[in-house]
file query37.json (JSON, C-alpha atoms and all ligand atoms)
[["chain", "number", "residue", "atom", "x", "y", "z"],
["A", 14, "MET", "CA", 117.69, 92.10, 107.36],
["A", 15, "LYS", "CA", 114.11, 93.10, 106.57],
["A", 16, "LYS", "CA", 113.90, 95.95, 104.07],
["A", 17, "ARG", "CA", 112.64, 99.29, 105.39],
["A", 18, "ILE", "CA", 110.07, 100.99, 103.20],
["A", 19, "VAL", "CA", 108.45, 104.40, 103.64],
["A", 20, "ILE", "CA", 105.03, 104.96, 102.05],
["A", 21, "VAL", "CA", 104.11, 108.62, 101.69],
["A", 22, "GLY", "CA", 100.32, 108.89, 101.78],
["A", 23, "ALA", "CA", 99.36, 105.64, 103.52],
["A", 24, "THR", "CA", 96.15, 106.71, 105.27],
["A", 25, "SER", "CA", 93.70, 105.51, 102.60],
["A", 26, "GLY", "CA", 93.29, 103.82, 99.22],
["A", 27, "ILE", "CA", 96.32, 102.45, 97.41],
["A", 28, "GLY", "CA", 98.87, 103.65, 99.99],
["A", 29, "ARG", "CA", 97.11, 102.04, 102.93],
["A", 30, "ALA", "CA", 96.58, 98.76, 101.06],
["A", 31, "LEU", "CA", 100.22, 98.76, 99.97],
["A", 32, "ALA", "CA", 101.37, 99.30, 103.57],
["A", 33, "ILE", "CA", 99.36, 96.25, 104.66],
["A", 34, "GLU", "CA", 100.58, 94.12, 101.72],
["A", 35, "LEU", "CA", 104.26, 94.97, 102.23],
["A", 36, "HIS", "CA", 103.97, 94.43, 105.97],
["A", 37, "LYS", "CA", 102.54, 90.99, 105.21],
["A", 38, "ARG", "CA", 105.64, 90.33, 103.07],
["A", 39, "GLY", "CA", 107.90, 91.08, 106.04],
["A", 40, "TYR", "CA", 108.96, 94.69, 105.44],
["A", 41, "VAL", "CA", 109.48, 97.30, 108.14],
["A", 42, "VAL", "CA", 106.88, 99.88, 107.09],
["A", 43, "GLY", "CA", 106.93, 103.64, 107.64],
["A", 44, "ALA", "CA", 103.52, 105.20, 106.93],
["A", 45, "THR", "CA", 102.79, 108.91, 106.55],
["A", 46, "GLY", "CA", 99.79, 111.16, 105.97],
["A", 47, "ARG", "CA", 97.90, 114.07, 107.47],
["A", 48, "ARG", "CA", 95.08, 112.04, 109.07],
["A", 49, "VAL", "CA", 96.79, 111.00, 112.28],
["A", 50, "GLU", "CA", 93.85, 108.89, 113.51],
["A", 51, "ARG", "CA", 94.20, 106.73, 110.36],
["A", 52, "LEU", "CA", 97.90, 106.29, 111.09],
["A", 53, "GLN", "CA", 97.09, 105.22, 114.65],
["A", 54, "GLU", "CA", 94.55, 102.70, 113.33],
["A", 55, "LEU", "CA", 97.24, 101.25, 111.05],
["A", 56, "GLU", "CA", 99.64, 100.94, 114.00],
["A", 57, "HIS", "CA", 96.98, 99.08, 116.01],
["A", 58, "GLN", "CA", 96.18, 96.79, 113.10],
["A", 59, "LEU", "CA", 99.76, 95.88, 112.18],
["A", 60, "GLU", "CA", 101.18, 95.92, 115.76],
["A", 61, "SER", "CA", 104.88, 95.48, 114.93],
["A", 62, "ARG", "CA", 107.30, 96.61, 112.17],
["A", 63, "ILE", "CA", 105.13, 99.71, 111.65],
["A", 64, "HIS", "CA", 106.20, 103.32, 112.25],
["A", 65, "THR", "CA", 104.00, 106.30, 111.50],
["A", 66, "GLN", "CA", 104.63, 109.99, 110.97],
["A", 67, "PHE", "CA", 102.35, 112.96, 110.37],
["A", 68, "MET", "CA", 103.33, 114.62, 107.09],
["A", 69, "ASP", "CA", 101.76, 117.28, 104.90],
["A", 70, "VAL", "CA", 103.84, 117.18, 101.72],
["A", 71, "VAL", "CA", 102.90, 120.77, 100.90],
["A", 72, "GLU", "CA", 105.06, 121.93, 103.83],
["A", 73, "LEU", "CA", 108.35, 121.31, 102.07],
["A", 74, "ASP", "CA", 110.91, 121.86, 104.85],
["A", 75, "ASP", "CA", 108.79, 120.21, 107.55],
["A", 76, "THR", "CA", 108.34, 117.20, 105.27],
["A", 77, "ILE", "CA", 112.08, 116.65, 105.02],
["A", 78, "ASN", "CA", 112.51, 116.90, 108.81],
["A", 79, "GLN", "CA", 109.61, 114.49, 109.32],
["A", 80, "LEU", "CA", 111.01, 111.99, 106.81],
["A", 81, "HIS", "CA", 114.38, 112.22, 108.54],
["A", 82, "GLN", "CA", 112.71, 111.52, 111.91],
["A", 83, "LEU", "CA", 110.77, 108.57, 110.48],
["A", 84, "LYS", "CA", 113.93, 107.16, 108.93],
["A", 85, "GLU", "CA", 115.71, 107.40, 112.30],
["A", 86, "ASN", "CA", 112.82, 105.58, 114.02],
["A", 87, "MET", "CA", 112.96, 102.82, 111.40],
["A", 88, "GLY", "CA", 116.72, 102.45, 111.61],
["A", 89, "GLY", "CA", 117.10, 103.56, 107.97],
["A", 90, "MET", "CA", 115.21, 103.67, 104.68],
["A", 91, "ASP", "CA", 115.82, 101.34, 101.71],
["A", 92, "ILE", "CA", 112.75, 102.17, 99.62],
["A", 93, "ILE", "CA", 110.43, 105.17, 99.42],
["A", 94, "VAL", "CA", 107.01, 105.03, 97.74],
["A", 95, "LEU", "CA", 105.76, 108.47, 96.70],
["A", 96, "ASN", "CA", 102.04, 107.86, 96.66],
["A", 97, "ALA", "CA", 100.47, 111.03, 98.14],
["A", 98, "GLY", "CA", 98.30, 112.66, 95.51],
["A", 99, "VAL", "CA", 95.16, 114.71, 94.98],
["A", 100, "SER", "CA", 92.77, 115.22, 92.09],
["A", 101, "ASN", "CA", 90.07, 117.84, 91.67],
["A", 102, "TYR", "CA", 87.98, 115.89, 89.19],
["A", 103, "GLN", "CA", 84.35, 117.07, 89.34],
["A", 104, "LYS", "CA", 84.97, 118.83, 92.65],
["A", 105, "GLU", "CA", 83.18, 122.10, 93.43],
["A", 106, "SER", "CA", 86.54, 123.75, 94.02],
["A", 107, "VAL", "CA", 87.78, 124.31, 90.49],
["A", 108, "GLY", "CA", 89.81, 127.25, 89.31],
["A", 109, "ARG", "CA", 93.13, 128.82, 90.19],
["A", 110, "GLU", "CA", 93.38, 127.77, 93.86],
["A", 111, "ALA", "CA", 92.31, 124.20, 93.13],
["A", 112, "ASP", "CA", 94.79, 123.92, 90.26],
["A", 113, "LEU", "CA", 97.60, 125.22, 92.42],
["A", 114, "HIS", "CA", 96.80, 122.78, 95.20],
["A", 115, "VAL", "CA", 97.21, 119.85, 92.80],
["A", 116, "VAL", "CA", 100.52, 121.35, 91.66],
["A", 117, "ASP", "CA", 101.64, 121.80, 95.29],
["A", 118, "VAL", "CA", 100.92, 118.20, 96.30],
["A", 119, "ASN", "CA", 101.49, 116.20, 93.10],
["A", 120, "ILE", "CA", 104.43, 118.18, 91.69],
["A", 121, "ARG", "CA", 106.19, 120.26, 94.35],
["A", 122, "GLY", "CA", 105.57, 117.75, 97.15],
["A", 123, "PHE", "CA", 106.64, 114.91, 94.86],
["A", 124, "ALA", "CA", 109.82, 116.64, 93.60],
["A", 125, "ASN", "CA", 110.80, 117.68, 97.12],
["A", 126, "LEU", "CA", 110.78, 114.10, 98.40],
["A", 127, "THR", "CA", 112.23, 112.50, 95.25],
["A", 128, "SER", "CA", 115.16, 114.85, 95.11],
["A", 129, "TYR", "CA", 115.90, 114.47, 98.85],
["A", 130, "SER", "CA", 115.64, 110.68, 98.67],
["A", 131, "PHE", "CA", 117.89, 110.39, 95.62],
["A", 132, "ASN", "CA", 120.65, 112.33, 97.38],
["A", 133, "LEU", "CA", 120.21, 110.24, 100.51],
["A", 134, "PHE", "CA", 120.41, 107.00, 98.50],
["A", 135, "GLU", "CA", 123.56, 108.23, 96.74],
["A", 136, "GLU", "CA", 125.15, 108.92, 100.13],
["A", 137, "GLN", "CA", 124.20, 105.54, 101.60],
["A", 138, "GLY", "CA", 125.08, 103.67, 98.39],
["A", 139, "HIS", "CA", 121.70, 102.10, 97.65],
["A", 140, "GLY", "CA", 117.97, 102.76, 97.50],
["A", 141, "HIS", "CA", 114.78, 102.48, 95.49],
["A", 142, "ILE", "CA", 112.42, 105.33, 94.57],
["A", 143, "VAL", "CA", 108.89, 104.31, 93.59],
["A", 144, "GLY", "CA", 106.57, 106.97, 92.19],
["A", 145, "ILE", "CA", 102.83, 106.41, 91.90],
["A", 146, "SER", "CA", 101.93, 108.11, 88.64],
["A", 147, "SER", "CA", 98.87, 107.34, 86.50],
["A", 148, "VAL", "CA", 97.84, 106.40, 82.99],
["A", 149, "ALA", "CA", 96.26, 109.88, 83.12],
["A", 150, "GLY", "CA", 99.77, 111.32, 82.77],
["A", 151, "LEU", "CA", 99.94, 110.17, 79.15],
["A", 152, "PHE", "CA", 97.46, 112.74, 77.80],
["A", 153, "GLY", "CA", 95.85, 116.07, 78.63],
["A", 154, "TRP", "CA", 92.23, 115.97, 79.77],
["A", 155, "GLY", "CA", 89.89, 118.94, 80.04],
["A", 156, "LEU", "CA", 87.96, 117.50, 83.00],
["A", 157, "ASN", "CA", 91.02, 117.05, 85.22],
["A", 158, "ILE", "CA", 93.62, 119.40, 83.77],
["A", 159, "PRO", "CA", 96.16, 119.85, 86.59],
["A", 160, "TYR", "CA", 95.95, 116.19, 87.64],
["A", 161, "ASN", "CA", 96.86, 114.76, 84.22],
["A", 162, "ALA", "CA", 99.58, 117.38, 83.81],
["A", 163, "SER", "CA", 101.00, 116.60, 87.25],
["A", 164, "LYS", "CA", 101.25, 112.90, 86.45],
["A", 165, "SER", "CA", 102.92, 113.75, 83.15],
["A", 166, "PHE", "CA", 105.51, 115.64, 85.21],
["A", 167, "VAL", "CA", 105.96, 112.56, 87.43],
["A", 168, "ASN", "CA", 106.60, 110.31, 84.40],
["A", 169, "THR", "CA", 109.23, 112.56, 82.85],
["A", 170, "TYR", "CA", 110.81, 113.50, 86.18],
["A", 171, "LEU", "CA", 111.29, 109.86, 87.17],
["A", 172, "GLN", "CA", 112.65, 108.96, 83.73],
["A", 173, "GLY", "CA", 115.29, 111.63, 84.27],
["A", 174, "TYR", "CA", 116.17, 110.27, 87.72],
["A", 175, "ARG", "CA", 116.35, 106.75, 86.24],
["A", 176, "GLN", "CA", 118.96, 108.03, 83.78],
["A", 177, "LYS", "CA", 120.80, 109.81, 86.58],
["A", 178, "ALA", "CA", 120.81, 106.56, 88.60],
["A", 179, "ASN", "CA", 122.53, 104.81, 85.65],
["A", 180, "HIS", "CA", 125.46, 107.21, 86.02],
["A", 181, "SER", "CA", 125.66, 106.95, 89.80],
["A", 182, "ASP", "CA", 128.13, 104.78, 91.71],
["A", 183, "ALA", "CA", 125.29, 103.92, 94.08],
["A", 184, "ASP", "CA", 122.86, 101.07, 93.43],
["A", 185, "ILE", "CA", 119.67, 103.09, 92.92],
["A", 186, "SER", "CA", 116.46, 101.94, 91.20],
["A", 187, "VAL", "CA", 113.62, 104.19, 90.08],
["A", 188, "SER", "CA", 110.17, 102.73, 89.36],
["A", 189, "THR", "CA", 107.19, 104.46, 87.78],
["A", 190, "ILE", "CA", 103.83, 102.89, 88.62],
["A", 191, "LEU", "CA", 100.95, 103.71, 86.27],
["A", 192, "PRO", "CA", 97.58, 102.63, 87.64],
["A", 193, "GLY", "CA", 94.42, 102.85, 85.54],
["A", 194, "PHE", "CA", 91.29, 103.03, 87.71],
["A", 195, "VAL", "CA", 91.49, 101.76, 91.29],
["A", 196, "GLU", "CA", 88.77, 101.85, 93.96],
["A", 197, "SER", "CA", 89.65, 104.56, 96.49],
["A", 198, "GLU", "CA", 88.44, 107.81, 98.03],
["A", 199, "MET", "CA", 89.86, 109.58, 94.98],
["A", 200, "THR", "CA", 87.60, 107.68, 92.59],
["A", 201, "GLU", "CA", 84.47, 107.58, 94.80],
["A", 202, "ASN", "CA", 81.37, 108.48, 92.74],
["A", 203, "LYS", "CA", 83.50, 108.96, 89.63],
["A", 204, "LYS", "CA", 81.47, 108.18, 86.55],
["A", 205, "GLY", "CA", 82.54, 106.46, 83.36],
["A", 206, "MET", "CA", 85.25, 104.29, 84.90],
["A", 207, "PHE", "CA", 86.12, 100.89, 83.43],
["A", 208, "TRP", "CA", 88.50, 98.04, 84.31],
["A", 209, "VAL", "CA", 88.30, 99.26, 87.92],
["A", 210, "GLN", "CA", 90.68, 97.30, 90.14],
["A", 211, "LYS", "CA", 90.07, 96.48, 93.83],
["A", 212, "THR", "CA", 92.49, 98.34, 96.08],
["A", 213, "ASP", "CA", 94.10, 95.24, 97.61],
["A", 214, "LYS", "CA", 94.60, 93.62, 94.17],
["A", 215, "ALA", "CA", 96.26, 96.80, 92.91],
["A", 216, "ALA", "CA", 98.48, 96.83, 96.01],
["A", 217, "THR", "CA", 99.56, 93.22, 95.38],
["A", 218, "GLN", "CA", 100.59, 94.08, 91.82],
["A", 219, "ILE", "CA", 102.42, 97.24, 92.94],
["A", 220, "ALA", "CA", 104.26, 95.25, 95.63],
["A", 221, "ASP", "CA", 105.29, 92.70, 92.95],
["A", 222, "ALA", "CA", 106.57, 95.50, 90.71],
["A", 223, "ILE", "CA", 108.57, 96.94, 93.62],
["A", 224, "GLU", "CA", 110.14, 93.58, 94.42],
["A", 225, "GLN", "CA", 111.02, 93.08, 90.73],
["A", 226, "THR", "CA", 112.45, 96.66, 90.63],
["A", 227, "LYS", "CA", 110.53, 97.30, 87.42],
["A", 228, "ASN", "CA", 111.28, 100.56, 85.61],
["A", 229, "GLU", "CA", 107.63, 100.90, 84.70],
["A", 230, "ALA", "CA", 104.51, 98.95, 85.67],
["A", 231, "TYR", "CA", 100.91, 99.39, 84.54],
["A", 232, "ILE", "CA", 98.28, 98.43, 87.14],
["A", 233, "THR", "CA", 96.62, 96.29, 85.88],
["A", 234, "LYS", "CA", 98.70, 95.05, 82.96],
["A", 235, "ARG", "CA", 95.91, 95.63, 80.41],
["A", 236, "TRP", "CA", 96.37, 99.41, 80.92],
["A", 237, "ARG", "CA", 99.64, 99.09, 79.01],
["A", 238, "PHE", "CA", 97.43, 98.82, 75.92],
["A", 239, "VAL", "CA", 95.74, 102.15, 76.76],
["A", 240, "GLY", "CA", 99.17, 103.67, 77.36],
["A", 241, "TRP", "CA", 100.37, 102.43, 73.99],
["A", 242, "LEU", "CA", 97.20, 103.77, 72.30],
["A", 243, "ALA", "CA", 97.47, 107.17, 74.04],
["A", 244, "LYS", "CA", 101.01, 107.57, 72.69],
["A", 245, "LEU", "CA", 99.88, 106.63, 69.15],
["A", 246, "ILE", "CA", 97.00, 109.11, 68.96],
["A", 247, "PRO", "CA", 98.28, 112.25, 67.20],
["A", 248, "ASN", "CA", 98.09, 115.63, 68.95],
["A", 249, "TRP", "CA", 95.57, 117.03, 66.47],
["A", 250, "VAL", "CA", 93.11, 114.37, 67.67],
["A", 251, "TRP", "CA", 93.72, 115.14, 71.37],
["A", 252, "ASN", "CA", 93.34, 118.86, 70.62],
["A", 253, "ARG", "CA", 89.86, 118.33, 69.15],
["A", 254, "MET", "CA", 88.45, 116.29, 72.05],
["A", 301, "LIG", "N1", 92.50, 105.54, 92.41],
["A", 301, "LIG", "C1", 92.88, 105.58, 91.14],
["A", 301, "LIG", "O1", 92.11, 105.21, 90.24],
["A", 301, "LIG", "C2", 94.26, 106.07, 90.78],
["A", 301, "LIG", "C3", 94.68, 105.89, 89.46],
["A", 301, "LIG", "C4", 95.94, 106.31, 89.09],
["A", 301, "LIG", "C5", 96.78, 106.87, 90.03],
["A", 301, "LIG", "N2", 96.36, 107.04, 91.33],
["A", 301, "LIG", "C6", 97.29, 107.65, 92.26],
["A", 301, "LIG", "O2", 97.45, 106.82, 93.40],
["A", 301, "LIG", "C7", 97.81, 107.63, 94.52],
["A", 301, "LIG", "C8", 96.92, 107.26, 95.69],
["A", 301, "LIG", "O3", 95.60, 107.65, 95.41],
["A", 301, "LIG", "P1", 94.30, 106.87, 95.91],
["A", 301, "LIG", "O4", 93.51, 106.56, 94.74],
["A", 301, "LIG", "O5", 94.69, 105.78, 96.84],
["A", 301, "LIG", "O6", 93.54, 108.06, 96.66],
["A", 301, "LIG", "P2", 93.27, 108.40, 98.19],
["A", 301, "LIG", "O7", 92.59, 107.28, 98.87],
["A", 301, "LIG", "O8", 92.60, 109.72, 98.16],
["A", 301, "LIG", "O9", 94.73, 108.53, 98.85],
["A", 301, "LIG", "C9", 95.51, 109.69, 98.75],
["A", 301, "LIG", "C10", 96.62, 109.64, 99.78],
["A", 301, "LIG", "O10", 97.42, 110.84, 99.60],
["A", 301, "LIG", "C11", 97.57, 111.47, 100.85],
["A", 301, "LIG", "N3", 97.67, 112.92, 100.70],
["A", 301, "LIG", "C12", 96.84, 113.76, 100.03],
["A", 301, "LIG", "N4", 97.24, 115.05, 100.20],
["A", 301, "LIG", "C13", 98.35, 115.00, 100.99],
["A", 301, "LIG", "C14", 99.21, 115.98, 101.53],
["A", 301, "LIG", "N5", 99.02, 117.30, 101.32],
["A", 301, "LIG", "N6", 100.24, 115.58, 102.31],
["A", 301, "LIG", "C15", 100.43, 114.27, 102.56],
["A", 301, "LIG", "N7", 99.67, 113.28, 102.08],
["A", 301, "LIG", "C16", 98.62, 113.65, 101.31],
["A", 301, "LIG", "C17", 96.33, 111.10, 101.63],
["A", 301, "LIG", "O11", 96.61, 111.18, 103.03],
["A", 301, "LIG", "P3", 96.02, 112.33, 104.02],
["A", 301, "LIG", "O12", 94.75, 112.83, 103.42],
["A", 301, "LIG", "O13", 95.84, 111.61, 105.32],
["A", 301, "LIG", "O14", 97.10, 113.34, 104.08],
["A", 301, "LIG", "C18", 96.11, 109.65, 101.21],
["A", 301, "LIG", "O15", 96.87, 108.79, 102.02],
["A", 301, "LIG", "C19", 97.70, 109.08, 94.06],
["A", 301, "LIG", "O16", 98.97, 109.58, 93.72],
["A", 301, "LIG", "C20", 96.82, 108.97, 92.82],
["A", 301, "LIG", "O17", 97.04, 110.04, 91.94],
["A", 301, "LIG", "C21", 95.12, 106.64, 91.71]]
call {"tool": "encode", "arguments": {"input": "query37.json", "output": "structure tokens", "more": "lines below"}}
Ligand SMILES: NC(=O)c1ccc[n+]([C@@H]2O[C@H](COP(=O)([O-])OP(=O)(O)OC[C@H]3O[C@@H](n4cnc5c(N)ncnc54)[C@H](OP(=O)(O)O)[C@@H]3O)[C@@H](O)[C@H]2O)c1
result
Amino acid sequence: MKKRIVIVGATSGIGRALAIELHKRGYVVGATGRRVERLQELEHQLESRIHTQFMDVVELDDTINQLHQLKENMGGMDIIVLNAGVSNYQKESVGREADLHVVDVNIRGFANLTSYSFNLFEEQGHGHIVGISSVAGLFGWGLNIPYNASKSFVNTYLQGYRQKANHSDADISVSTILPGFVESEMTENKKGMFWVQKTDKAATQIADAIEQTKNEAYITKRWRFVGWLAKLIPNWVWNRM
């Protein structure tokens, strides 16, 4: 039977490209997002084995009902990719409200769906949770404070769930995906980027990591070096930047 995969945040960038890549590999794909017209476009493009569902991850209870509905339409869910994310890098809207929005989407929205999915996978006896984090989660950064902190949460949160999965009777995998820079709406006009990966190439590598049930995957692989370096740099250096 073809595996059924839900991608949360599949209307643009990495999520959309991943939906197309996994569909190409034969998966039944469930795509979510707030931009319904983008979801309809995806349905037209892929034609079969594609189910879509409006979802605003900030609305915690609605999100769970919508995921449940999507799962029913797909005949079940084997894998969930938690990709929805926002950043307020260089945006005009900085300050308390902007910070809290990043927390609402990248932390509360993420935890809501991860926790629900883990319980569901324990009940059904199997499942795979894939979280799209970022290399940015390995250090604090004054130009994108809540974003880096939110991805740090994702890294630690998923590590905890990976440990929990080890003690579960169910066959559950937990993967943390750490992209560097990838072309998308999020990085449009962003200055100072390097090693920028094309969206479809990044999606291919993420799909490979999912199929290999990797615990952790840097996208692209060379970002592992930056990750290693970030962990080596002492706090007193980060604090002076
Ligand atoms: N691009 C990079 O360089 C890079 C690097 C590291 C990590 N990442 C991570 O990769 C993920 C995808 O980002 P991207 O670069 O592909 O950016 P993107 O094109 O802006 O995609 C963001 C996705 O998140 C969804 N989303 C945002 N707010 C949402 C909400 N409240 N409810 C539901 N869905 C929401 C968007 O859908 P709607 O707007 O339709 O709701 C969209 O599908 C993010 O988690 C990001 O942090 C990106």
call {"tool": "closest_residue", "arguments": {"input": "query37.json", "among": "A:Ala178, A:Val209, A:Leu133, A:Leu245", "to": "ligand LIG 301 (chain A)", "atoms": "all atoms listed in the file"}}
result
A:Val209
call {"tool": "closest_atom_pairs", "arguments": {"input": "query37.json", "of": "chain A", "to": "ligand LIG 301 (chain A)", "cutoff": "6 Å", "atoms": "only C-alpha atoms and all ligand atoms", "output": "tab-separated table"}}
result
residue	atom	partner	partner_atom	distance
A:Gly22	CA	A:LIG301	O15	3.5
A:Ala23	CA	A:LIG301	O15	4.3
A:Thr24	CA	A:LIG301	O15	3.9
A:Ser25	CA	A:LIG301	O7	4.3
A:Gly26	CA	A:LIG301	O5	3.4
A:Ile27	CA	A:LIG301	O5	3.8
A:Gly28	CA	A:LIG301	O5	5.7
A:Gly46	CA	A:LIG301	O14	3.9
A:Arg47	CA	A:LIG301	O14	3.6
A:Arg48	CA	A:LIG301	O13	3.9
A:Met68	CA	A:LIG301	C15	5.4
A:Asp69	CA	A:LIG301	N6	3.5
A:Val70	CA	A:LIG301	N6	4.0
A:Val71	CA	A:LIG301	N5	5.2
A:Asn96	CA	A:LIG301	O16	4.6
A:Ala97	CA	A:LIG301	O10	3.4
A:Gly98	CA	A:LIG301	O16	3.6
A:Val99	CA	A:LIG301	C12	5.4
A:Val118	CA	A:LIG301	N5	5.4
A:Ile145	CA	A:LIG301	O16	5.3
A:Ser146	CA	A:LIG301	C5	5.5
A:Ser147	CA	A:LIG301	C4	4.0
A:Pro192	CA	A:LIG301	C4	4.3
A:Gly193	CA	A:LIG301	C3	5.0
A:Phe194	CA	A:LIG301	O1	3.4
A:Val195	CA	A:LIG301	O1	3.7
A:Glu196	CA	A:LIG301	N1	5.5
A:Ser197	CA	A:LIG301	O7	4.7
A:Glu198	CA	A:LIG301	O7	4.3
A:Met199	CA	A:LIG301	O8	4.2
A:Thr200	CA	A:LIG301	N1	5.3
call {"tool": "residues_around", "arguments": {"input": "query37.json", "residues": "Leu191 of chain A", "least_positions_apart": "3", "cutoff": "9 Å", "atoms": "all atoms listed in the file", "output": "list in words"}}
result
Gly144, Ile145, Ser146, Ser147, Val148, Ala149, Gly150, Asn168, Glu229, Ala230, Tyr231, Ile232, Thr233, Trp236 and Arg237 of chain A
call {"tool": "residues_near_point", "arguments": {"input": "query37.json", "point": "(105.7, 96.6, 96.0)", "cutoff": "10 Å", "atoms": "only C-alpha atoms", "output": "PDB file with C-alpha atoms, in the coordinates of the input"}}
result
ATOM      1  CA  ILE A  18     110.070 100.990 103.200  1.00  0.00           C
ATOM      2  CA  LEU A  31     100.220  98.760  99.970  1.00  0.00           C
ATOM      3  CA  ALA A  32     101.370  99.300 103.570  1.00  0.00           C
ATOM      4  CA  GLU A  34     100.580  94.120 101.720  1.00  0.00           C
ATOM      5  CA  LEU A  35     104.260  94.970 102.230  1.00  0.00           C
ATOM      6  CA  ARG A  38     105.640  90.330 103.070  1.00  0.00           C
ATOM      7  CA  ILE A  92     112.750 102.170  99.620  1.00  0.00           C
ATOM      8  CA  VAL A  94     107.010 105.030  97.740  1.00  0.00           C
ATOM      9  CA  VAL A 143     108.890 104.310  93.590  1.00  0.00           C
ATOM     10  CA  ILE A 190     103.830 102.890  88.620  1.00  0.00           C
ATOM     11  CA  ALA A 215      96.260  96.800  92.910  1.00  0.00           C
ATOM     12  CA  ALA A 216      98.480  96.830  96.010  1.00  0.00           C
ATOM     13  CA  THR A 217      99.560  93.220  95.380  1.00  0.00           C
ATOM     14  CA  GLN A 218     100.590  94.080  91.820  1.00  0.00           C
ATOM     15  CA  ILE A 219     102.420  97.240  92.940  1.00  0.00           C
ATOM     16  CA  ALA A 220     104.260  95.250  95.630  1.00  0.00           C
ATOM     17  CA  ASP A 221     105.290  92.700  92.950  1.00  0.00           C
ATOM     18  CA  ALA A 222     106.570  95.500  90.710  1.00  0.00           C
ATOM     19  CA  ILE A 223     108.570  96.940  93.620  1.00  0.00           C
ATOM     20  CA  GLU A 224     110.140  93.580  94.420  1.00  0.00           C
ATOM     21  CA  GLN A 225     111.020  93.080  90.730  1.00  0.00           C
ATOM     22  CA  THR A 226     112.450  96.660  90.630  1.00  0.00           C
ATOM     23  CA  LYS A 227     110.530  97.300  87.420  1.00  0.00           C
TER      24      LYS A 227
END
call {"tool": "residues_around", "arguments": {"input": "query37.json", "residues": "Gln66 of chain A", "least_positions_apart": "2", "cutoff": "7 Å", "atoms": "only C-alpha atoms", "output": "list in words"}}
result
Ala44, Thr45, His64, Met68, Gln79 and Leu83 of chain A
call {"tool": "atom_distance", "arguments": {"input": "query37.json", "atom1": "atom CA of Arg17 of chain A", "atom2": "atom CA of Asn119 of chain A"}}
result
23.7 Å
call {"tool": "closest_residue", "arguments": {"input": "query37.json", "among": "A:Asp117, A:Ile33, A:Thr212, A:Asp182", "to": "Glu60 of chain A", "atoms": "all atoms listed in the file"}}
result
A:Ile33
call {"tool": "closest_residue", "arguments": {"input": "query37.json", "among": "A:Ile93, A:Leu242, A:Leu73, A:Leu80", "to": "Ser188 of chain A", "atoms": "all atoms listed in the file"}}
result
A:Ile93
call {"tool": "atom_distance", "arguments": {"input": "query37.json", "atom1": "atom CA of Val21 of chain A", "atom2": "atom CA of Val41 of chain A"}}
result
14.1 Å
call {"tool": "atom_distance", "arguments": {"input": "query37.json", "atom1": "atom CA of Glu135 of chain A", "atom2": "atom CA of Ile185 of chain A"}}
result
7.5 Å
call {"tool": "closest_residue", "arguments": {"input": "query37.json", "among": "A:Val107, A:Lys244, A:Gln58, A:Asp74", "to": "Gly155 of chain A", "atoms": "all atoms listed in the file"}}
result
A:Val107
call {"tool": "residues_near_point", "arguments": {"input": "query37.json", "point": "(96.0, 113.3, 73.7)", "cutoff": "9 Å", "atoms": "all atoms listed in the file", "output": "PDB file with C-alpha atoms, in the frame of the given file"}}
result
ATOM      1  CA  LEU A 151      99.940 110.170  79.150  1.00  0.00           C
ATOM      2  CA  PHE A 152      97.460 112.740  77.800  1.00  0.00           C
ATOM      3  CA  GLY A 153      95.850 116.070  78.630  1.00  0.00           C
ATOM      4  CA  TRP A 154      92.230 115.970  79.770  1.00  0.00           C
ATOM      5  CA  ALA A 243      97.470 107.170  74.040  1.00  0.00           C
ATOM      6  CA  LYS A 244     101.010 107.570  72.690  1.00  0.00           C
ATOM      7  CA  LEU A 245      99.880 106.630  69.150  1.00  0.00           C
ATOM      8  CA  ILE A 246      97.000 109.110  68.960  1.00  0.00           C
ATOM      9  CA  PRO A 247      98.280 112.250  67.200  1.00  0.00           C
ATOM     10  CA  ASN A 248      98.090 115.630  68.950  1.00  0.00           C
ATOM     11  CA  TRP A 249      95.570 117.030  66.470  1.00  0.00           C
ATOM     12  CA  VAL A 250      93.110 114.370  67.670  1.00  0.00           C
ATOM     13  CA  TRP A 251      93.720 115.140  71.370  1.00  0.00           C
ATOM     14  CA  ASN A 252      93.340 118.860  70.620  1.00  0.00           C
ATOM     15  CA  MET A 254      88.450 116.290  72.050  1.00  0.00           C
TER      16      MET A 254
END
call {"tool": "closest_residue", "arguments": {"input": "query37.json", "among": "A:Leu156, A:Ala183, A:Leu113, A:Met87", "to": "Phe134 of chain A", "atoms": "only C-alpha atoms"}}
result
A:Ala183
call {"tool": "residues_around", "arguments": {"input": "query37.json", "residues": "Thr127 of chain A", "least_positions_apart": "2", "cutoff": "10 Å", "atoms": "all atoms listed in the file", "output": "list of chain:residue names"}}
result
A:Ile93, A:Val94, A:Leu95, A:Arg121, A:Gly122, A:Phe123, A:Ala124, A:Asn125, A:Tyr129, A:Ser130, A:Phe131, A:Asn132, A:Leu133, A:Ile142, A:Val143, A:Gly144, A:Tyr170, A:Leu171, A:Tyr174, A:Val187
call {"tool": "closest_residue", "arguments": {"input": "query37.json", "among": "A:Arg253, A:Leu55, A:Arg175, A:Ile158", "to": "Arg109 of chain A", "atoms": "all atoms listed in the file"}}
result
A:Ile158
call {"tool": "residues_around", "arguments": {"input": "query37.json", "residues": "Leu59 of chain A", "least_positions_apart": "5", "cutoff": "9 Å", "atoms": "only C-alpha atoms", "output": "VMD selection string"}}
result
chain A and resid 33 36 to 37 54
